[in-house]
Amino acid sequence: MDRHYEGEIGFVKDDTLRIIKAFSLKPSVAITSINADTDAIKWLTTAGNGVYYLLDSKFYHIGIEEGLSDDYCYTSAPDKSGNMWIGTDQGLSLCTSKNGKKVLQKLQVADGLCDNIVKKIVIEGSKMFLATQENGLCIYDFEQNGFLKQKAETVWNYGSIDDIILNKTTNEIWVATESGGLLYFRNPEEKTYSLKQQSAKLFSSVYSVAIDHQNNVWVATDRGLFRSHGQWLTFLEQYAGADINNVHEVAFLDSNQMVVSIKNKIMLISFNTSTIKEWTILPSEKNIDVSGLYIDKEKYIWIGTLGNGVFRINPLKSEIRKIEIPFDYSSILYINGNEKNIWLGTFGGAALIEVEQLNTDNLKYKVRIFSHESPLGNYYVYCVYRDVKGRFWFGTDQNGIVLLDDNKFVAPFSGKFNGRTVYSITGDNNDAIWFSVADEGIVCLNGDSFKLYNRSNGIRDLNITSIAVLDDNSIAIVNKRGIDILNHKSGSVMYLGTENNLDNLNSDINSVAKDSIGRIWFGTVKGMVVLDPKLLKQNTVPELSKLNMIQPIFKNRSGITPVFRHNENTVTFEYAATWFTNPGRILYQYKLDGLNADWIATKDIKQVFPNLPPGKYVFRIRTSIDPQFTFNNESSFSFEIKKPFWQEDWFYFSSLLLAILLVYLFIKVRDARMKKLQQLKNDSIRFQFETLRNQVNPHFLFNSFNTLIDIIEHDKEHAVDYVENLSAFFRNIVTYKDKETIKLSEEIKIAKAFYFIQQKDLVQICNF
């Protein structure tokens, strides 16, 4: 829409803005929002002239006289029941239909609304989110038929809310404020809520916020346009006023509380209350470093230090107690345990703290040191991992990986790798064990078989500080160049680096933890880096934003496959993908089903297929930033090129029928002609015969009479026979003259009679 500040509306059709002439506000006031309800009725709110709705091509007006709370309206939003909610300078107005008429109801501060000036409305599910001028964000619960309350926040200090948006993928609300920057909160379905501030150091005034298909959050501010990764990759540098950087270790107390170590401090971050507790380990020792964290089953925090042994904190009482261990084992690299015992990975090897009861501050325990004869020896133990079977795996600096199974230590991979230092160990959901080997890569142990992944498999840097399982297929590998995502099912690797602000992380060894919803938290010098595996694919794969057939030109109709003539067989496609993180890394592959069997790599955004033979085709295009296209988005376009009519089956069938008909007619005409020729020939012969017969008959008759006279004179006895034969002959001639065929016996009789007559004639001639 355009020209809305002048009180006009329009629509775009065929790339042309068309103003609706039937609607123009006089005097001109701004149109502040346009919406459609569940009945497709268009609603327009104005800055000073109330509300209009379009029904049956006619605009109707609603103002203060009709019950609207105020004529100055900011926004509108339909609910799932078809009602329209309108935000004004004097609260909310609910417009419903009753008996074909619009009925309005007001909701104001007296009804629980936190502020009468409502600037933005977003409705999702059973909640309605209201951005107000002075008192922040209000949430109306349709199920409770009332407003929710904030947690621990009674005073709003962030100024007017200019925009709010819901991210359905991450279930978060983002709020743009006038003086408090960008705010957000999770789980809008909860009955109470607490807003958190984001990037207050960068900007204070946020005018608008939007979320793209990659879950990037775009923020229009007083200092320009900013982009955030959103929630698939986040950075926690500050929380509740405290700086979160140079994080050495991280662990989770429960789903809402995270423990991090920063130098000699332990910080307990409570996300549900937006608070932080701090404990200082040995305040007199300024250079102490916390190097290990572990949360036991009773929610006590175990702290390992370099050179100062082990401490245990009761977070409820904020009490710190030291666990006495031998000095040779006082430099702790890792802590892990089970229901009773605590394992320490130290500079001097491994130590076991056997505890009688964990649920007490007055811990009774004994420390067990393993002899140098065991595979652990006195090597550095960088990590201790407990697998799903309850076994413990130890990563050492000289003897590789060591397994404790059924109270026996074994080194299953001794001598199988050049590198003998194992820094990190973890396990996946398929009971496979993963561990990193210095300068070698990472190893997957599955039963009795193992596989090594290194630079030949795409891992950028073999100085690996941490590894973490993301899902059944993927492993996150932290190194100096960022985070490599190894998909061990496909063998491909995806890189998160400079473009994601992940270079030079300087992460400590094994500074990684997984929270209750599956997000991976990495401790770095830059603060906490949070990776959400569920959103990883969506945010590391370009979006195909365009796929158009530009030749041949056709009228696009949804759901209908275009069909082209045989001479419209040069086809051109244009396509484009967006990946805001680094557009230069976008890769494409395409194929044309019906022509190509394999994917073809390209960086072009246009493909031309000339002189295609008739047939059905599907053009497929996919995009990725991964050369193996493990994570990709694919789109397709189907079309058909018709055969020329002379190649159609109906044409072949018709031609065959026509040929058969022509042959048949030819034969019929030929037969008719042959019969006609034969008839003419027969007529000619018959005519000749008749002519000859007419010539012969008188002569034959006269000769026969002369012969008869002679016989009567000389041989009266034979005269009677002669007359009978002559009579029979002429009688047969008269009888059969019009018949084309007669019986053979009749023909013989005629021949005998003719022979007898001729014989007598010849005798007479001879006597003469």
# chains A, B, ... in the order shown; residues from 1 in each chain; ligands from 1
call {"tool": "residues_around", "arguments": {"residues": "segment 428-443 of chain A", "least_positions_apart": "4", "cutoff": "8 Å", "atoms": "only C-alpha atoms", "output": "number ranges by chain"}}
result
A: 387-388, 400, 417-424, 447, 450-455, 459, 462-464, 467, 469, 471-472
call {"tool": "residues_around", "arguments": {"residues": "segment 747-756 of chain A", "least_positions_apart": "6", "cutoff": "9 Å", "atoms": "only C-alpha atoms", "output": "ChimeraX atom specification"}}
result
/A:722,725-726,728-729,732-733
call {"tool": "write_last_selection", "arguments": {"atoms": "C-alpha atoms", "output": "CSV table (one decimal), in the first residue's frame"}}
result
chain,number,residue,atom,x,y,z
A,722,TYR,CA,-32.6,-85.2,-90.5
A,725,ASN,CA,-32.2,-83.2,-85.7
A,726,LEU,CA,-32.6,-79.9,-87.5
A,728,ALA,CA,-34.1,-80.0,-82.2
A,729,PHE,CA,-31.0,-77.9,-83.1
A,732,ASN,CA,-32.2,-75.4,-78.6
A,733,ILE,CA,-30.7,-72.3,-80.2
call {"tool": "residues_around", "arguments": {"residues": "Glu134 of chain A", "least_positions_apart": "2", "cutoff": "10 Å", "atoms": "only C-alpha atoms", "output": "list in words"}}
result
Cys114, Asp115, Asn116, Ile117, Val118, Ala131, Thr132, Gly136, Leu137, Trp156, Asn157, Tyr158, Gly159, Ser160, Ile161 and Glu178 of chain A
call {"tool": "closest_residue", "arguments": {"among": "A:Ile164, A:Ala351, A:Val206, A:Val250", "to": "Ile301 of chain A", "atoms": "only C-alpha atoms"}}
result
A:Val250
call {"tool": "residues_around", "arguments": {"residues": "Trp43 of chain A", "least_positions_apart": "3", "cutoff": "8 Å", "atoms": "only C-alpha atoms", "output": "list in words"}}
result
Ile34, Asn35, Ala36, Asp37, Val51, Tyr52, Tyr53, Leu54 and Ser76 of chain A
call {"tool": "write_last_selection", "arguments": {"atoms": "all heavy atoms", "output": "mmCIF file, in the first residue's frame"}}
result
data_model
loop_
_atom_site.group_PDB
_atom_site.id
_atom_site.type_symbol
_atom_site.label_atom_id
_atom_site.label_comp_id
_atom_site.auth_asym_id
_atom_site.auth_seq_id
_atom_site.Cartn_x
_atom_site.Cartn_y
_atom_site.Cartn_z
ATOM 1 N N ILE A 34 -4.173 -1.648 8.066
ATOM 2 C CA ILE A 34 -5.162 -2.312 7.210
ATOM 3 C C ILE A 34 -5.159 -3.786 7.589
ATOM 4 O O ILE A 34 -4.103 -4.422 7.646
ATOM 5 C CB ILE A 34 -4.827 -2.147 5.723
ATOM 6 C CG1 ILE A 34 -4.777 -0.661 5.342
ATOM 7 C CG2 ILE A 34 -5.848 -2.879 4.850
ATOM 8 C CD1 ILE A 34 -4.347 -0.410 3.916
ATOM 9 N N ASN A 35 -6.320 -4.332 7.859
ATOM 10 C CA ASN A 35 -6.428 -5.729 8.258
ATOM 11 C C ASN A 35 -7.675 -6.344 7.646
ATOM 12 O O ASN A 35 -8.570 -5.635 7.158
ATOM 13 C CB ASN A 35 -6.482 -5.859 9.785
ATOM 14 C CG ASN A 35 -5.170 -6.348 10.353
ATOM 15 O OD1 ASN A 35 -4.638 -7.357 9.904
ATOM 16 N ND2 ASN A 35 -4.638 -5.628 11.336
ATOM 17 N N ALA A 36 -7.734 -7.655 7.690
ATOM 18 C CA ALA A 36 -8.918 -8.382 7.222
ATOM 19 C C ALA A 36 -9.331 -9.369 8.296
ATOM 20 O O ALA A 36 -8.489 -10.028 8.914
ATOM 21 C CB ALA A 36 -8.625 -9.105 5.911
ATOM 22 N N ASP A 37 -10.623 -9.465 8.554
ATOM 23 C CA ASP A 37 -11.093 -10.413 9.553
ATOM 24 C C ASP A 37 -11.328 -11.774 8.914
ATOM 25 O O ASP A 37 -11.009 -11.998 7.745
ATOM 26 C CB ASP A 37 -12.346 -9.884 10.253
ATOM 27 C CG ASP A 37 -13.517 -9.659 9.291
ATOM 28 O OD1 ASP A 37 -13.524 -10.273 8.210
ATOM 29 O OD2 ASP A 37 -14.416 -8.857 9.636
ATOM 30 N N VAL A 51 -12.592 4.359 12.347
ATOM 31 C CA VAL A 51 -12.364 3.098 11.648
ATOM 32 C C VAL A 51 -13.330 2.992 10.481
ATOM 33 O O VAL A 51 -14.487 3.425 10.565
ATOM 34 C CB VAL A 51 -12.556 1.897 12.609
ATOM 35 C CG1 VAL A 51 -12.364 0.579 11.873
ATOM 36 C CG2 VAL A 51 -11.599 1.999 13.785
ATOM 37 N N TYR A 52 -12.838 2.382 9.380
ATOM 38 C CA TYR A 52 -13.679 2.075 8.231
ATOM 39 C C TYR A 52 -13.561 0.583 7.939
ATOM 40 O O TYR A 52 -12.508 -0.024 8.149
ATOM 41 C CB TYR A 52 -13.241 2.867 6.996
ATOM 42 C CG TYR A 52 -13.475 4.354 7.096
ATOM 43 C CD1 TYR A 52 -12.565 5.180 7.760
ATOM 44 C CD2 TYR A 52 -14.601 4.938 6.531
ATOM 45 C CE1 TYR A 52 -12.771 6.547 7.862
ATOM 46 C CE2 TYR A 52 -14.824 6.310 6.622
ATOM 47 C CZ TYR A 52 -13.903 7.104 7.291
ATOM 48 O OH TYR A 52 -14.115 8.454 7.373
ATOM 49 N N TYR A 53 -14.671 0.018 7.451
ATOM 50 C CA TYR A 53 -14.592 -1.362 6.973
ATOM 51 C C TYR A 53 -15.314 -1.462 5.629
ATOM 52 O O TYR A 53 -16.278 -0.738 5.356
ATOM 53 C CB TYR A 53 -15.148 -2.355 8.000
ATOM 54 C CG TYR A 53 -16.616 -2.238 8.316
ATOM 55 C CD1 TYR A 53 -17.568 -3.000 7.618
ATOM 56 C CD2 TYR A 53 -17.069 -1.402 9.335
ATOM 57 C CE1 TYR A 53 -18.913 -2.913 7.916
ATOM 58 C CE2 TYR A 53 -18.412 -1.303 9.637
ATOM 59 C CZ TYR A 53 -19.331 -2.070 8.922
ATOM 60 O OH TYR A 53 -20.668 -1.990 9.217
ATOM 61 N N LEU A 54 -14.803 -2.343 4.789
ATOM 62 C CA LEU A 54 -15.292 -2.505 3.424
ATOM 63 C C LEU A 54 -16.160 -3.751 3.345
ATOM 64 O O LEU A 54 -15.692 -4.864 3.584
ATOM 65 C CB LEU A 54 -14.115 -2.612 2.450
ATOM 66 C CG LEU A 54 -14.451 -2.849 0.975
ATOM 67 C CD1 LEU A 54 -15.239 -1.675 0.407
ATOM 68 C CD2 LEU A 54 -13.168 -3.075 0.167
ATOM 69 N N SER A 76 -5.016 -2.473 14.495
ATOM 70 C CA SER A 76 -6.150 -3.396 14.612
ATOM 71 C C SER A 76 -5.639 -4.810 14.407
ATOM 72 O O SER A 76 -4.581 -5.030 13.802
ATOM 73 C CB SER A 76 -7.240 -3.075 13.579
ATOM 74 O OG SER A 76 -6.742 -3.254 12.258
#
call {"tool": "closest_residue", "arguments": {"among": "A:Met549, A:Leu744, A:Val109, A:Ala576", "to": "Val618 of chain A", "atoms": "only C-alpha atoms"}}
result
A:Met549
call {"tool": "residues_around", "arguments": {"residues": "Asn596 of chain A", "least_positions_apart": "5", "cutoff": "10 Å", "atoms": "only C-alpha atoms", "output": "PyMOL selection string"}}
result
chain A and resi 590-591+617+619
call {"tool": "residues_around", "arguments": {"residues": "segment 259-271 of chain A", "least_positions_apart": "3", "cutoff": "7 Å", "atoms": "only C-alpha atoms", "output": "PyMOL selection string"}}
result
chain A and resi 246-253+256+274-281+288-290
call {"tool": "atom_distance", "arguments": {"atom1": "atom CA of Glu640 of chain A", "atom2": "atom CA of Tyr575 of chain A"}}
result
19.5 Å
call {"tool": "atom_distance", "arguments": {"atom1": "atom CA of Lys340 of chain A", "atom2": "atom CA of Lys364 of chain A"}}
result
11.4 Å
